[in-house]
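Each remark here refers to the structure printed beneath this line.
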Amino acid sequence: MTYKVHKAVVVGAGTMGAAIAAHLANAGIPVTLLDIVPRELTDKEEAKGLTLEDAAVRNRIVNDGLQRAVKSRPASFFSKELACLVNTGNLEDDFNVIAEADWVIEVIVENLKIKQGLMARIDEVRSEHCIVSTNTSGIPVTSIAEGLSEEFRQHFLGTHFFNPPRYLKLLEVIPTGDTLPEVVEFIHHFGEYRLGKGIVPCKDTPNFIGNRLGFGSGAFALDYILQNGYTVQEVDSITGPAIGRPKTGTFRLIDLVGVDVWEHVGTNLTKAIPHDEHALRYLNSEKANTLIHTMVENGWLGNKTKQGFYKMVRKDGKKEFWSLNLETLEYELAEKPKFASIGAAKGKETLAEKMEVLLAADDRAGQLVQAMTYQGFAYASECIPEIADTPKPIDDAMCWGFGHQAGPFELWDMIGLTKAIEAMKEAGFPPADWVEEMMENGFETFYQYDGDQKTGVYNTSKGDYESFAPNPNLIVIKERKDTGKLVTRNTGASLVDIGDDVVCVEFQTKMNAIDNDIMAMMNEAMDRVEAGEFEGVVICNDDERAFCAGANLFGVVMAAQSGMWDQLAEMVDMLQTVNMRMRYFPNPVVVAPFGLTLGGGGEITMHGNRVVAASELYIGQVELGAGVIPAGGGTKELLRRIVNPPMRFKDVAVLPFMQQVFELIGQAKVATSAVEAREFGFLGPQDRIVMNRDHLLAEAKKEVLHMLDTNYTPPAPEKIYAAGRDTLAALRAGINMFAEGGYITEYETHIGEKMIYAMTGGELSAPTWVDEQYILDLEREAFLSLCGEEKTQERMWSLLRTGKVKRN
């Protein structure tokens with residue numbers, strides 16, 4: 001049978017269920033969200049004279065859940081407009097929608113009997129092709145389908161999303177002994193390609209992989225922290241980016257997850273693993289469990305109650321974040337701790353170098369890192385083969401579910417097995433027997449490598465490496481370079497041959513900020529295409545965080561303060577020229593943005609003749625924060641995209657469309673997804689959105705090849721609608737109102753004047769269509785004049801030093 005998902009149903013409208021429904025909608029899938037019927041009226045419903053039979057009451061629980069998802073921060077939906085794909089209903093009046101569903105996901109209370117009762121009802125109405133899955137985090141998946149029809153059990157499995165589903169890549173897939181292989185294969189493929197997930201196949205063991213490792217090692221960390229008198233601030237300064245983990249560290253992560261959730265998962269895990277002596281030593285820690293239980297009883301549940309291990313306090317009108325004293329249980333403002341080893345580690349470039357410093361350190365930071373690292377290695381090794389046969393699912397789960405830069409076995413390989421094992425034994429955390437047996441048999445690493453590239457992983461059941469199957473949808477620039485595909489490079493960028501006569505321009509400055517070297521490499525890529533060396537260009541890179549965070553601000557402010565006006569003008573001209581060359585280039589130039597795509601990064605994106613964007617795209621013209629306006633063609637492009645189309649019709653008022661451009665530039669609005677970027681105008685209708693960031697470069701390359709196959713031709717030169725002095729006056733009046741109301745400063749008024757002058761074409765006596773270069777010249781003139789202003793330079797230095805906009 002060929003499976004498909006055209007309609008989905010999510011049962012359970014709590015935080016997780018509603019967020020899963022939202023992410024299905026993000027993928028363009030119509031979904032019905034169901035929940036129970038309320039048993040009693042609220043005071044508001046009684047006041048309105050409603051009864052338990054009214055539809056508004058019967059769907060109150062599910063509607064409230066959906067609204068929480070719509071309003072959630074960070075946003076569950078790519079755009080609030082996508083909420084229209086989610087219908088709501090209840091489990092009494094609307095249960096028959098399941099008969100039309102291709103996939104039903106259960107996300108209800110963690111109670112086996114209740115889940116079994118629901119599955120029995122679903123079994124009665126589901127169609128023969130319908131896949132049913134549970135999002136349980138701890139109940140054995142097989143037990144949930146016990147006693148149900150064979151066909152149901154063949155189409156039933158676990159699909160454990162991590163919260164929040166939109167942002168955390170991990171999707172654990174847990175088949176039972178009855179699940180058809182083709183069902184498992186379909187969910188793997190659908191999860192990876194449509195939902196953008198990293199799929200980790202799991203055995204049906206307690207808490208699967210992510211939570212088993214996360215809470216098994218997390219319980220140890222909490223016990224060690226309390227036994228050795230570390231403070232909340234100390235721990236989070238140590239257990240974040242310095243060791244390749246998110247900025248949340250340990251205690252901010254528990255606040256994010258929920259202190260009550262932490263207790264619930266820990267309690268359930270303790271009951272489920274009576275055989276796991278290692279984990280139980282710490283899961284049964286009296287000191288840790290007393291602390292967590294006291295916090296739950298006090299209602300200190302973390303972010304959802306605005307008080308957990310951290311609490312936001314307003315003092316003299318300013319926000320301060322106080323941390324919990326783990327001894328007194330009082331909140332206090334603590335100074336940011338400093339450790340020599342952490343400072344030394346931050347100066348290192350790679351995770352391996354950072355860990356080398358910390359594992360050799362003898363201060364308190366080093367001691368905590370050593371304990372957590374060696375216990376983590378030992379526990380991960382002990383969990384094989386119970387939860388996985390190879391290290392890869394464990395490493396993937398910790399990276400994709402918890403945001404770790406490397407999983408335990410990847411990190412172990414970096415450190416070196418022999419060196420680590422000696423230290424582990426000395427610390428009291430010996431590895432599982434199979435690790436030393438593996439080494440005795442001549443295997444010195446968990447992964448098999450070709451250079452830096454992983455090609456296989458050790459399988460304990462085979463006693464040998466098993467090779468990774470090649471993934472045609474995964475192109476890694478570093479791997480291409482390692483295999484001799486580097487064409488040329490300079491200090492700012494590289495050209496890399498990605499196959500099929502397509503070349504990739506890779507930015508490689510800090511935050512991929514634009515400098516002359518990057519622009520020179522973009523020109524060289526097009527030069528080589530014109531010379532017949534390649535047929536098309538992709539602009540992308542392997543960075544996890546930023547496609548391009550804008551211009552090299554340090555270079556701009558230094559040039560301005562040094563009076564290097566010719567060089568500054570040349571830089572602006574160069575960006576405008578390379579962008580316009582891309583726009584009208586006869587061969588495909590596909591830009592593949594992702595993550596932070598700000599300022600000049602947005603301008604490069606808008607000038608590609610096609611865009612293939614990652615769904616998690618944060619794009620905006622934010623130059624106003626630096627005291628300037630977009631000058632690489634950003635102003636011109638927003639006018640072309642937003643103002644031009646309606647002004648081709650008669651009797652259309654221009655002001656509403658000019659206001660859209662005014663808001664995007666003047667308020668430095670940043671789209672929070674690629675879908676929203678399309679709504680704002682940064683992406684066009686022909687541009688594509690890719691759900692899985694790992695596939696982005698391959699999909700961009702496919703787009704180049706598709707454009708070549710369909711005989712791509714560049715667009716004809718387009719004039720820009722210049723609204724002239726009347727619209728300039730209207731926008732000026734709006735700026736003055738903002739200033740009089742105290743919403744913007746006097747200097748922001750000055751920047752705004754420069755911005756609207758460029759937007760409207762200046763003091764033209766009447767609206768007219770002008771060449772693109774006319775607007776580009778106005779952009780450049782405004783940018784250069786503002787760079788000469790002291791207050792603009794102050795703004796630039798503030799951004800460089802603090803990362804914050806100075807409202808001068």
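How things are named: the first chain in the structure tokens is A, the next is B, and so on; residues count from 1 in each chain; ligands count from 1 in the order shown.
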Mind checking DSSP for range 487-703 of chain A and telling me the strand (DSSP E) residues as a ChimeraX atom specification? /A:487-489,493-497,502-507,536-539,546-548,589-591,595-598,610-614,617-620,688-690
Using only C-alpha atoms, determine which residues lie at most 10 Å from Ala242 in chain A, disregarding the query and same-chain residues fewer than 4 positions distant; provide the list as a ChimeraX atom specification. /A:237-238,246-247,249,341-348,351,354-355,358,369
I want to know what sits within 10 Å of range 334-337 of chain A, based on only C-alpha atoms, with residues of the same chain fewer than 3 positions away left out; could you give that as a list in words? Thr231, Val232, Gln233, Glu234, Val235, Asp236, Ser237, Ile238, Phe321, Trp322, Ser323, Leu324, Asn325 and Tyr331 of chain A
Residues from the last selection, all heavy atoms, saved as a CSV table (one decimal), in the first residue's frame:
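Printed below is result.csv as written:
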```csv
chain,number,residue,atom,x,y,z
A,231,THR,N,26.3,27.0,42.7
A,231,THR,CA,25.1,27.9,42.6
A,231,THR,C,24.5,27.7,41.2
A,231,THR,O,25.1,27.2,40.3
A,231,THR,CB,25.5,29.3,42.8
A,231,THR,OG1,26.3,29.8,41.7
A,231,THR,CG2,26.3,29.5,44.1
A,232,VAL,N,23.2,28.2,41.1
A,232,VAL,CA,22.5,28.2,39.8
A,232,VAL,C,23.3,28.9,38.8
A,232,VAL,O,23.5,28.5,37.6
A,232,VAL,CB,21.1,28.8,40.0
A,232,VAL,CG1,20.5,29.0,38.6
A,232,VAL,CG2,20.2,27.8,40.8
A,233,GLN,N,23.8,30.1,39.1
A,233,GLN,CA,24.5,31.0,38.2
A,233,GLN,C,25.8,30.3,37.7
A,233,GLN,O,26.2,30.3,36.6
A,233,GLN,CB,24.8,32.3,38.8
A,233,GLN,CG,23.6,33.2,39.1
A,233,GLN,CD,23.3,34.1,37.9
A,233,GLN,OE1,23.7,33.8,36.8
A,233,GLN,NE2,22.5,35.1,38.1
A,234,GLU,N,26.5,29.7,38.7
A,234,GLU,CA,27.8,29.0,38.4
A,234,GLU,C,27.5,27.9,37.3
A,234,GLU,O,28.2,27.8,36.3
A,234,GLU,CB,28.4,28.4,39.6
A,234,GLU,CG,29.1,29.4,40.5
A,234,GLU,CD,29.7,28.8,41.8
A,234,GLU,OE1,29.1,27.8,42.3
A,234,GLU,OE2,30.7,29.3,42.3
A,235,VAL,N,26.5,27.1,37.6
A,235,VAL,CA,26.3,25.9,36.8
A,235,VAL,C,25.9,26.3,35.4
A,235,VAL,O,26.4,25.8,34.4
A,235,VAL,CB,25.1,25.0,37.4
A,235,VAL,CG1,24.7,24.0,36.4
A,235,VAL,CG2,25.6,24.4,38.7
A,236,ASP,N,25.0,27.3,35.2
A,236,ASP,CA,24.6,27.7,33.9
A,236,ASP,C,25.7,28.4,33.1
A,236,ASP,O,25.7,28.4,31.9
A,236,ASP,CB,23.4,28.6,33.9
A,236,ASP,CG,22.1,27.7,34.2
A,236,ASP,OD1,22.2,26.5,34.2
A,236,ASP,OD2,21.0,28.3,34.4
A,237,SER,N,26.7,29.0,33.8
A,237,SER,CA,27.8,29.6,33.1
A,237,SER,C,28.8,28.6,32.6
A,237,SER,O,29.5,28.8,31.7
A,237,SER,CB,28.5,30.6,34.0
A,237,SER,OG,29.2,30.0,35.1
A,238,ILE,N,28.7,27.4,33.2
A,238,ILE,CA,29.7,26.3,32.9
A,238,ILE,C,29.0,25.4,31.8
A,238,ILE,O,29.7,25.0,30.9
A,238,ILE,CB,30.0,25.5,34.1
A,238,ILE,CG1,30.8,26.4,35.2
A,238,ILE,CG2,30.9,24.3,33.8
A,238,ILE,CD1,30.9,25.7,36.5
A,321,PHE,N,17.1,39.5,36.6
A,321,PHE,CA,16.9,38.1,36.7
A,321,PHE,C,17.6,37.5,37.9
A,321,PHE,O,18.8,37.5,37.9
A,321,PHE,CB,17.2,37.3,35.4
A,321,PHE,CG,16.3,37.6,34.3
A,321,PHE,CD1,16.5,38.7,33.4
A,321,PHE,CD2,15.1,36.9,34.2
A,321,PHE,CE1,15.7,38.9,32.4
A,321,PHE,CE2,14.2,37.2,33.1
A,321,PHE,CZ,14.5,38.2,32.2
A,322,TRP,N,16.9,37.2,38.9
A,322,TRP,CA,17.4,36.6,40.2
A,322,TRP,C,17.4,35.1,40.1
A,322,TRP,O,16.5,34.5,39.5
A,322,TRP,CB,16.6,37.1,41.4
A,322,TRP,CG,16.8,38.6,41.6
A,322,TRP,CD1,17.2,39.6,40.7
A,322,TRP,CD2,16.6,39.3,42.9
A,322,TRP,NE1,17.2,40.8,41.3
A,322,TRP,CE2,16.8,40.7,42.6
A,322,TRP,CE3,16.2,38.9,44.1
A,322,TRP,CZ2,16.7,41.6,43.6
A,322,TRP,CZ3,16.1,39.8,45.1
A,322,TRP,CH2,16.3,41.2,44.9
A,323,SER,N,18.4,34.5,40.7
A,323,SER,CA,18.4,33.0,40.7
A,323,SER,C,18.1,32.5,42.1
A,323,SER,O,18.3,33.2,43.1
A,323,SER,CB,19.8,32.6,40.2
A,323,SER,OG,20.8,33.1,41.0
A,324,LEU,N,17.7,31.2,42.2
A,324,LEU,CA,17.3,30.6,43.4
A,324,LEU,C,18.6,30.1,44.2
A,324,LEU,O,19.5,29.5,43.6
A,324,LEU,CB,16.4,29.4,43.1
A,324,LEU,CG,15.8,28.7,44.3
A,324,LEU,CD1,14.8,29.5,45.0
A,324,LEU,CD2,15.2,27.3,43.9
A,325,ASN,N,18.7,30.5,45.4
A,325,ASN,CA,19.8,30.0,46.3
A,325,ASN,C,19.4,28.6,46.6
A,325,ASN,O,18.3,28.3,47.3
A,325,ASN,CB,19.9,30.9,47.5
A,325,ASN,CG,21.1,30.4,48.4
A,325,ASN,OD1,21.2,29.2,48.7
A,325,ASN,ND2,21.9,31.3,48.8
A,331,TYR,N,15.4,33.9,46.5
A,331,TYR,CA,16.0,34.4,45.3
A,331,TYR,C,16.9,35.5,45.6
A,331,TYR,O,16.7,36.4,46.5
A,331,TYR,CB,14.8,34.9,44.4
A,331,TYR,CG,14.0,33.8,43.8
A,331,TYR,CD1,12.8,33.3,44.5
A,331,TYR,CD2,14.4,33.1,42.7
A,331,TYR,CE1,12.1,32.3,44.0
A,331,TYR,CE2,13.6,32.0,42.1
A,331,TYR,CZ,12.5,31.6,42.8
A,331,TYR,OH,11.8,30.6,42.3
```
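Using only C-alpha atoms for every distance, the candidate list A:Lys425, A:Lys485, A:Arg641, A:Lys669 yields A:Lys669 as the residue closest to Glu623 in chain A.
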Contacts of Gly266 in chain A at 9 Å or less, counting only C-alpha atoms, minus same-chain residues fewer than 2 places along, as a PyMOL selection string? chain A and resi 215-216+219+261-264+268-271+283
Put those residues in a file: N, CA and C atoms, as a JSON list (two decimals), in the first residue's frame.
```
[["chain", "number", "residue", "atom", "x", "y", "z"],
["A", 215, "PHE", "N", 17.58, 12.38, 31.15],
["A", 215, "PHE", "CA", 17.23, 12.39, 32.57],
["A", 215, "PHE", "C", 18.15, 11.50, 33.39],
["A", 216, "GLY", "N", 18.71, 10.46, 32.77],
["A", 216, "GLY", "CA", 19.66, 9.63, 33.49],
["A", 216, "GLY", "C", 20.91, 10.42, 33.84],
["A", 219, "ALA", "N", 19.90, 13.65, 36.11],
["A", 219, "ALA", "CA", 19.74, 13.34, 37.55],
["A", 219, "ALA", "C", 21.10, 13.32, 38.23],
["A", 261, "VAL", "N", 7.30, 19.02, 35.06],
["A", 261, "VAL", "CA", 7.53, 18.00, 34.03],
["A", 261, "VAL", "C", 8.79, 17.21, 34.36],
["A", 262, "TRP", "N", 9.82, 17.92, 34.82],
["A", 262, "TRP", "CA", 11.07, 17.26, 35.22],
["A", 262, "TRP", "C", 10.78, 16.21, 36.31],
["A", 263, "GLU", "N", 9.98, 16.60, 37.30],
["A", 263, "GLU", "CA", 9.65, 15.67, 38.39],
["A", 263, "GLU", "C", 8.84, 14.50, 37.86],
["A", 264, "HIS", "N", 7.85, 14.80, 37.00],
["A", 264, "HIS", "CA", 6.97, 13.75, 36.48],
["A", 264, "HIS", "C", 7.75, 12.72, 35.67],
["A", 268, "ASN", "N", 8.42, 8.76, 36.74],
["A", 268, "ASN", "CA", 8.00, 7.66, 35.87],
["A", 268, "ASN", "C", 9.18, 6.81, 35.41],
["A", 269, "LEU", "N", 10.30, 7.48, 35.11],
["A", 269, "LEU", "CA", 11.48, 6.75, 34.67],
["A", 269, "LEU", "C", 12.00, 5.85, 35.78],
["A", 270, "THR", "N", 11.99, 6.36, 37.01],
["A", 270, "THR", "CA", 12.47, 5.57, 38.15],
["A", 270, "THR", "C", 11.70, 4.26, 38.29],
["A", 271, "LYS", "N", 10.38, 4.34, 38.10],
["A", 271, "LYS", "CA", 9.55, 3.14, 38.21],
["A", 271, "LYS", "C", 9.80, 2.17, 37.05],
["A", 283, "LEU", "N", 18.61, 9.14, 40.32],
["A", 283, "LEU", "CA", 17.17, 9.42, 40.28],
["A", 283, "LEU", "C", 16.56, 9.34, 41.68]]
```
Hey, what's within 12 Å of Asn587 in chain A if we count only C-alpha atoms and toss same-chain stuff fewer than 3 positions away? As a PyMOL selection string, please? chain A and resi 501-503+525-532+534-538+581-584+590+608-610+703-715
Mind writing the picked residues with C-alpha atoms as a PDB file, in the first residue's frame?
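In the end it all went to result-v1.pdb:
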```pdb
ATOM      1  CA  ASP A 501      28.315  21.951 -13.146  1.00  0.00           C
ATOM      2  CA  VAL A 502      26.971  23.922 -10.176  1.00  0.00           C
ATOM      3  CA  VAL A 503      29.276  26.013  -7.980  1.00  0.00           C
ATOM      4  CA  ALA A 525      31.461  32.686  -9.397  1.00  0.00           C
ATOM      5  CA  MET A 526      29.527  34.509 -12.120  1.00  0.00           C
ATOM      6  CA  ASP A 527      32.741  35.103 -14.081  1.00  0.00           C
ATOM      7  CA  ARG A 528      33.430  31.363 -14.091  1.00  0.00           C
ATOM      8  CA  VAL A 529      29.880  30.640 -15.263  1.00  0.00           C
ATOM      9  CA  GLU A 530      30.290  33.121 -18.105  1.00  0.00           C
ATOM     10  CA  ALA A 531      33.586  31.421 -19.017  1.00  0.00           C
ATOM     11  CA  GLY A 532      31.770  28.076 -19.327  1.00  0.00           C
ATOM     12  CA  PHE A 534      29.994  26.072 -14.531  1.00  0.00           C
ATOM     13  CA  GLU A 535      26.333  26.384 -15.499  1.00  0.00           C
ATOM     14  CA  GLY A 536      24.822  27.869 -12.344  1.00  0.00           C
ATOM     15  CA  VAL A 537      25.494  29.259  -8.862  1.00  0.00           C
ATOM     16  CA  VAL A 538      24.163  28.570  -5.375  1.00  0.00           C
ATOM     17  CA  ARG A 581      24.445  41.512 -11.719  1.00  0.00           C
ATOM     18  CA  MET A 582      22.837  38.545  -9.921  1.00  0.00           C
ATOM     19  CA  ARG A 583      19.342  39.786 -10.614  1.00  0.00           C
ATOM     20  CA  TYR A 584      19.885  39.991 -14.357  1.00  0.00           C
ATOM     21  CA  VAL A 590      19.946  30.591  -6.471  1.00  0.00           C
ATOM     22  CA  GLY A 608      18.984  36.172  -6.416  1.00  0.00           C
ATOM     23  CA  ASN A 609      16.984  35.144  -9.463  1.00  0.00           C
ATOM     24  CA  ARG A 610      15.477  32.397  -7.330  1.00  0.00           C
ATOM     25  CA  GLU A 703      16.493  24.365  -8.378  1.00  0.00           C
ATOM     26  CA  VAL A 704      19.488  25.471 -10.448  1.00  0.00           C
ATOM     27  CA  LEU A 705      19.244  22.295 -12.525  1.00  0.00           C
ATOM     28  CA  HIS A 706      15.483  22.701 -12.932  1.00  0.00           C
ATOM     29  CA  MET A 707      15.930  26.284 -14.125  1.00  0.00           C
ATOM     30  CA  LEU A 708      18.527  25.135 -16.649  1.00  0.00           C
ATOM     31  CA  ASP A 709      16.257  22.316 -17.848  1.00  0.00           C
ATOM     32  CA  THR A 710      13.399  24.770 -18.383  1.00  0.00           C
ATOM     33  CA  ASN A 711      15.588  27.295 -20.293  1.00  0.00           C
ATOM     34  CA  TYR A 712      15.670  29.993 -17.634  1.00  0.00           C
ATOM     35  CA  THR A 713      15.883  33.556 -18.903  1.00  0.00           C
ATOM     36  CA  PRO A 714      16.468  36.592 -16.672  1.00  0.00           C
ATOM     37  CA  PRO A 715      13.717  39.188 -16.139  1.00  0.00           C
TER      38      PRO A 715
END
```
